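Colleague: Got a structure for you, questions after.
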Amino acid sequence: MADEQQQVFQLQRIYLKDTSFECPGAPDVFLQEWKPKVNVQLNNSARRVGEGDEFEVEITVTVTAKDEAEEKTFYLVEVKQAGIFTVKGIEGEERAQLLGAYCPNLLFPYVREVVSDLVAKGSFPQMVLQPINFDALYQQQREQQKENAAAAGETVQ
(Lines give C-alpha, C1' and ligand atoms only; values in the text may rest on other atoms or scores of the structure.)
Protein backbone atom coordinates (compact mmCIF):
# COMPACT_ATOMS: atom_id res chain seq x y z
CA MET A 1 0.00 0.00 0.00
CA ALA A 2 2.91 2.38 0.61
CA ASP A 3 3.85 1.98 -3.07
CA GLU A 4 0.53 3.36 -4.28
CA GLN A 5 0.93 6.77 -5.90
CA GLN A 6 -1.12 9.54 -4.37
CA GLN A 7 -3.65 11.13 -6.70
CA VAL A 8 -3.24 14.89 -7.11
CA PHE A 9 -5.38 17.31 -9.07
CA GLN A 10 -4.58 20.99 -8.67
CA LEU A 11 -5.30 24.18 -10.54
CA GLN A 12 -2.04 26.06 -10.95
CA ARG A 13 -3.05 29.06 -13.05
CA ILE A 14 -5.84 30.44 -15.25
CA TYR A 15 -4.89 32.93 -17.93
CA LEU A 16 -6.12 34.69 -21.02
CA LYS A 17 -4.02 33.27 -23.85
CA ASP A 18 -5.36 35.26 -26.80
CA THR A 19 -8.25 37.55 -27.57
CA SER A 20 -9.57 39.45 -30.56
CA PHE A 21 -12.49 41.79 -31.17
CA GLU A 22 -13.36 43.05 -34.63
CA CYS A 23 -16.10 45.41 -35.73
CA PRO A 24 -15.43 45.65 -39.47
CA GLY A 25 -18.46 47.76 -40.37
CA ALA A 26 -18.15 50.44 -37.71
CA PRO A 27 -19.56 53.04 -37.51
CA ASP A 28 -22.21 52.13 -40.12
CA VAL A 29 -23.32 49.00 -38.23
CA PHE A 30 -24.55 51.17 -35.36
CA LEU A 31 -27.05 52.84 -37.67
CA GLN A 32 -28.66 49.52 -38.71
CA GLU A 33 -31.51 47.72 -37.00
CA TRP A 34 -30.14 45.32 -34.38
CA LYS A 35 -31.42 41.87 -35.38
CA PRO A 36 -28.29 39.75 -35.37
CA LYS A 37 -27.76 36.15 -36.31
CA VAL A 38 -25.23 34.91 -33.78
CA ASN A 39 -22.96 31.94 -34.37
CA VAL A 40 -20.93 30.48 -31.49
CA GLN A 41 -18.12 28.00 -32.13
CA LEU A 42 -16.35 26.19 -29.32
CA ASN A 43 -13.22 24.10 -29.21
CA ASN A 44 -11.18 22.74 -26.34
CA SER A 45 -7.87 20.94 -26.16
CA ALA A 46 -5.38 19.63 -23.63
CA ARG A 47 -1.67 19.01 -23.85
CA ARG A 48 1.13 18.05 -21.49
CA VAL A 49 3.41 20.93 -20.52
CA GLY A 50 7.04 19.87 -20.25
CA GLU A 51 7.85 16.44 -18.93
CA GLY A 52 6.11 16.70 -15.57
CA ASP A 53 2.54 16.26 -14.44
CA GLU A 54 1.30 19.64 -15.68
CA PHE A 55 -1.25 19.97 -18.46
CA GLU A 56 -2.50 23.03 -20.30
CA VAL A 57 -6.22 22.99 -21.07
CA GLU A 58 -7.45 25.59 -23.55
CA ILE A 59 -10.93 26.69 -24.58
CA THR A 60 -11.40 28.68 -27.78
CA VAL A 61 -14.70 30.46 -28.33
CA THR A 62 -15.53 32.37 -31.50
CA VAL A 63 -18.70 34.48 -31.59
CA THR A 64 -19.85 36.06 -34.84
CA ALA A 65 -22.84 38.40 -35.04
CA LYS A 66 -24.11 39.23 -38.53
CA ASP A 67 -27.17 40.96 -39.96
CA GLU A 68 -30.22 38.89 -40.90
CA ALA A 69 -29.06 38.43 -44.48
CA GLU A 70 -25.62 37.44 -43.16
CA GLU A 71 -24.03 39.96 -45.48
CA LYS A 72 -22.54 42.33 -42.91
CA THR A 73 -20.63 41.38 -39.80
CA PHE A 74 -21.55 43.39 -36.71
CA TYR A 75 -18.74 41.92 -34.66
CA LEU A 76 -16.40 38.95 -34.37
CA VAL A 77 -14.94 37.91 -31.01
CA GLU A 78 -12.40 35.18 -30.42
CA VAL A 79 -11.18 34.25 -26.95
CA LYS A 80 -8.63 31.62 -25.95
CA GLN A 81 -8.74 30.98 -22.21
CA ALA A 82 -6.34 28.48 -20.72
CA GLY A 83 -5.32 26.92 -17.46
CA ILE A 84 -2.45 24.86 -16.15
CA PHE A 85 -3.44 21.87 -14.06
CA THR A 86 -1.34 19.34 -12.15
CA VAL A 87 -2.65 15.82 -12.69
CA LYS A 88 -0.58 13.22 -10.86
CA GLY A 89 -1.41 9.57 -10.23
CA ILE A 90 -4.55 9.77 -12.38
CA GLU A 91 -4.31 7.87 -15.64
CA GLY A 92 -6.35 6.58 -18.56
CA GLU A 93 -10.02 7.42 -18.93
CA GLU A 94 -10.20 9.22 -15.58
CA ARG A 95 -7.43 11.66 -16.60
CA ALA A 96 -8.93 12.09 -20.08
CA GLN A 97 -12.29 13.03 -18.56
CA LEU A 98 -10.66 15.48 -16.13
CA LEU A 99 -8.84 17.24 -18.98
CA GLY A 100 -11.67 16.95 -21.51
CA ALA A 101 -14.66 17.89 -19.36
CA TYR A 102 -13.91 18.97 -15.79
CA CYS A 103 -11.14 21.49 -16.60
CA PRO A 104 -13.13 23.16 -19.43
CA ASN A 105 -16.02 23.51 -16.95
CA LEU A 106 -13.68 25.42 -14.63
CA LEU A 107 -12.43 27.69 -17.44
CA PHE A 108 -15.77 28.47 -19.08
CA PRO A 109 -16.93 31.24 -16.67
CA TYR A 110 -13.75 33.15 -17.47
CA VAL A 111 -14.42 32.84 -21.22
CA ARG A 112 -18.00 33.98 -20.69
CA GLU A 113 -16.82 37.09 -18.81
CA VAL A 114 -14.23 38.07 -21.44
CA VAL A 115 -16.71 37.67 -24.32
CA SER A 116 -19.35 39.71 -22.49
CA ASP A 117 -16.85 42.48 -21.66
CA LEU A 118 -15.45 42.72 -25.18
CA VAL A 119 -18.88 42.89 -26.80
CA ALA A 120 -20.01 45.57 -24.32
CA LYS A 121 -16.82 47.60 -24.94
CA GLY A 122 -17.62 47.41 -28.64
CA SER A 123 -20.88 49.26 -27.82
CA PHE A 124 -23.14 46.29 -28.55
CA PRO A 125 -25.86 44.75 -26.35
CA GLN A 126 -24.56 42.31 -23.77
CA MET A 127 -23.65 38.86 -25.07
CA VAL A 128 -24.04 36.14 -22.45
CA LEU A 129 -22.87 32.70 -23.49
CA GLN A 130 -25.25 29.97 -22.40
CA PRO A 131 -23.98 27.22 -20.09
CA ILE A 132 -22.33 24.28 -21.81
CA ASN A 133 -22.43 20.69 -20.61
CA PHE A 134 -18.81 19.69 -21.19
CA ASP A 135 -19.46 16.25 -19.70
CA ALA A 136 -22.06 15.52 -22.39
CA LEU A 137 -19.78 16.91 -25.10
CA TYR A 138 -16.93 14.74 -23.83
CA GLN A 139 -19.11 11.60 -23.85
CA GLN A 140 -20.36 12.45 -27.35
CA GLN A 141 -16.78 12.84 -28.57
CA ARG A 142 -15.76 9.51 -27.00
CA GLU A 143 -18.69 7.73 -28.66
CA GLN A 144 -17.75 9.25 -32.02
CA GLN A 145 -14.16 8.10 -31.57
CA LYS A 146 -15.36 4.55 -30.77
CA GLU A 147 -17.60 4.53 -33.85
CA ASN A 148 -14.75 5.79 -36.04
CA ALA A 149 -12.39 3.15 -34.65
CA ALA A 150 -14.95 0.42 -35.22
CA ALA A 151 -15.58 1.62 -38.79
CA ALA A 152 -11.84 1.73 -39.47
CA GLY A 153 -11.45 -1.75 -38.01
CA GLU A 154 -14.18 -3.10 -40.28
CA THR A 155 -12.67 -1.42 -43.30
CA VAL A 156 -9.21 -2.83 -42.62
CA GLN A 157 -10.50 -6.41 -42.36
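Just remember, in the C-alpha coordinates the first chain shown is A, the second B, etc., residues are 1-based per chain, and ligands are 1-based in the order shown.
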Got a sec: who's within 12 Å of Pro104 in chain A, counting only C-alpha atoms, leaving out chain neighbours fewer than 6 positions off, as a ChimeraX atom specification?
Modeller: /A:11,14,42-46,56-61,80-85,96-98,110-112,131-135,137-138
Colleague: Of the residues A:Lys17, A:Lys66, A:Lys72, A:Lys88, which is the one nearest to Arg48 in chain A, using only C-alpha atoms?
Modeller: A:Lys88
Colleague: Which polymer residues have any atom within 10 Å of an atom of Gln7 in chain A, counting only C-alpha atoms, with same-chain residues fewer than 2 positions away left out, as a list in words?
Modeller: Glu4, Gln5, Phe9, Val87, Lys88, Gly89, Ile90 and Glu91 of chain A
Colleague: May I have the selected residues written with N, CA, C and O atoms, as a short mmCIF file (atom, residue, chain, number, x, y, z; two decimals), in the first residue's frame?
Modeller:
data_model
loop_
_atom_site.label_atom_id
_atom_site.label_comp_id
_atom_site.auth_asym_id
_atom_site.auth_seq_id
_atom_site.Cartn_x
_atom_site.Cartn_y
_atom_site.Cartn_z
N GLU A 4 1.57 2.71 -3.49
CA GLU A 4 0.53 3.36 -4.28
C GLU A 4 0.81 4.85 -4.40
O GLU A 4 1.11 5.53 -3.43
N GLN A 5 0.69 5.35 -5.64
CA GLN A 5 0.93 6.77 -5.90
C GLN A 5 -0.29 7.58 -5.48
O GLN A 5 -1.42 7.22 -5.77
N PHE A 9 -4.80 16.46 -8.03
CA PHE A 9 -5.38 17.31 -9.07
C PHE A 9 -5.40 18.71 -8.51
O PHE A 9 -6.07 18.99 -7.52
N VAL A 87 -1.89 17.07 -12.74
CA VAL A 87 -2.65 15.82 -12.69
C VAL A 87 -1.63 14.71 -12.46
O VAL A 87 -0.89 14.33 -13.37
N LYS A 88 -1.58 14.21 -11.24
CA LYS A 88 -0.58 13.22 -10.86
C LYS A 88 -1.27 11.98 -10.28
O LYS A 88 -2.17 12.10 -9.45
N GLY A 89 -0.85 10.81 -10.75
CA GLY A 89 -1.41 9.57 -10.23
C GLY A 89 -2.80 9.25 -10.77
O GLY A 89 -3.47 8.35 -10.28
N ILE A 90 -3.24 10.00 -11.76
CA ILE A 90 -4.55 9.77 -12.38
C ILE A 90 -4.27 9.48 -13.85
O ILE A 90 -3.70 10.30 -14.54
N GLU A 91 -4.66 8.30 -14.28
CA GLU A 91 -4.31 7.87 -15.64
C GLU A 91 -5.55 7.47 -16.43
O GLU A 91 -6.65 7.42 -15.91
#
Colleague: Enumerate as a list in words all residues of range 50-153 of chain A assigned to strand (DSSP E or B) by DSSP on the backbone, naming them with the chain letters and numbers the document uses.
Modeller: Glu54, Phe55, Glu56, Val57, Glu58, Ile59, Thr60, Val61, Thr62, Val63, Thr64, Ala65, Lys66, Thr73, Phe74, Tyr75, Leu76, Val77, Glu78, Val79, Lys80, Gln81, Ala82, Gly83, Ile84, Phe85, Thr86, Val87 and Lys88 of chain A
Colleague: Near Lys35 in chain A, counting only C-alpha atoms, which residues have an atom at most 12 Å away, once you skip same-chain residues fewer than 3 positions from it, shown as a list in words?
Modeller: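 Here the qualifying residues turn out to be Val29, Phe30, Gln32, Val38, Ala65, Lys66, Asp67, Glu68, Ala69, Glu70, Lys72, Thr73, Phe74, Phe124 and Pro125 of chain A.
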Colleague: Based on the backbone DSSP call, show me all residues of chain A assigned helix (DSSP H, G or I), as a PyMOL selection string.
Modeller: chain A and resi 28-31+92-121+134-156
Colleague: Between CA of Leu106 in chain A and CA of Phe55 in chain A, measure the distance and give it in Å to one decimal.
Modeller: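 About the pair CA of Leu106 in chain A and CA of Phe55 in chain A: they are 14.1 Å apart.
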Colleague: Quick one: pull the distance between CA of Gln12 in chain A and CA of Gly100 in chain A, Å, one decimal.
Modeller: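 Atom-to-atom, CA of Gln12 in chain A to CA of Gly100 in chain A, that is 16.9 Å.
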Colleague: Ranking A:Cys23, A:Leu16, A:Ser123, A:Ala136 by minimum distance to Asn105 in chain A and counting only C-alpha atoms, which one comes first?
Modeller: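 Closest to Asn105 in chain A, using only C-alpha atoms: A:Ala136.
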Colleague: One number please: CA of Glu78 in chain A to CA of Ser20 in chain A, in Å, one decimal.
Modeller: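 According to the coordinates, CA of Glu78 in chain A and CA of Ser20 in chain A are separated by 5.1 Å.
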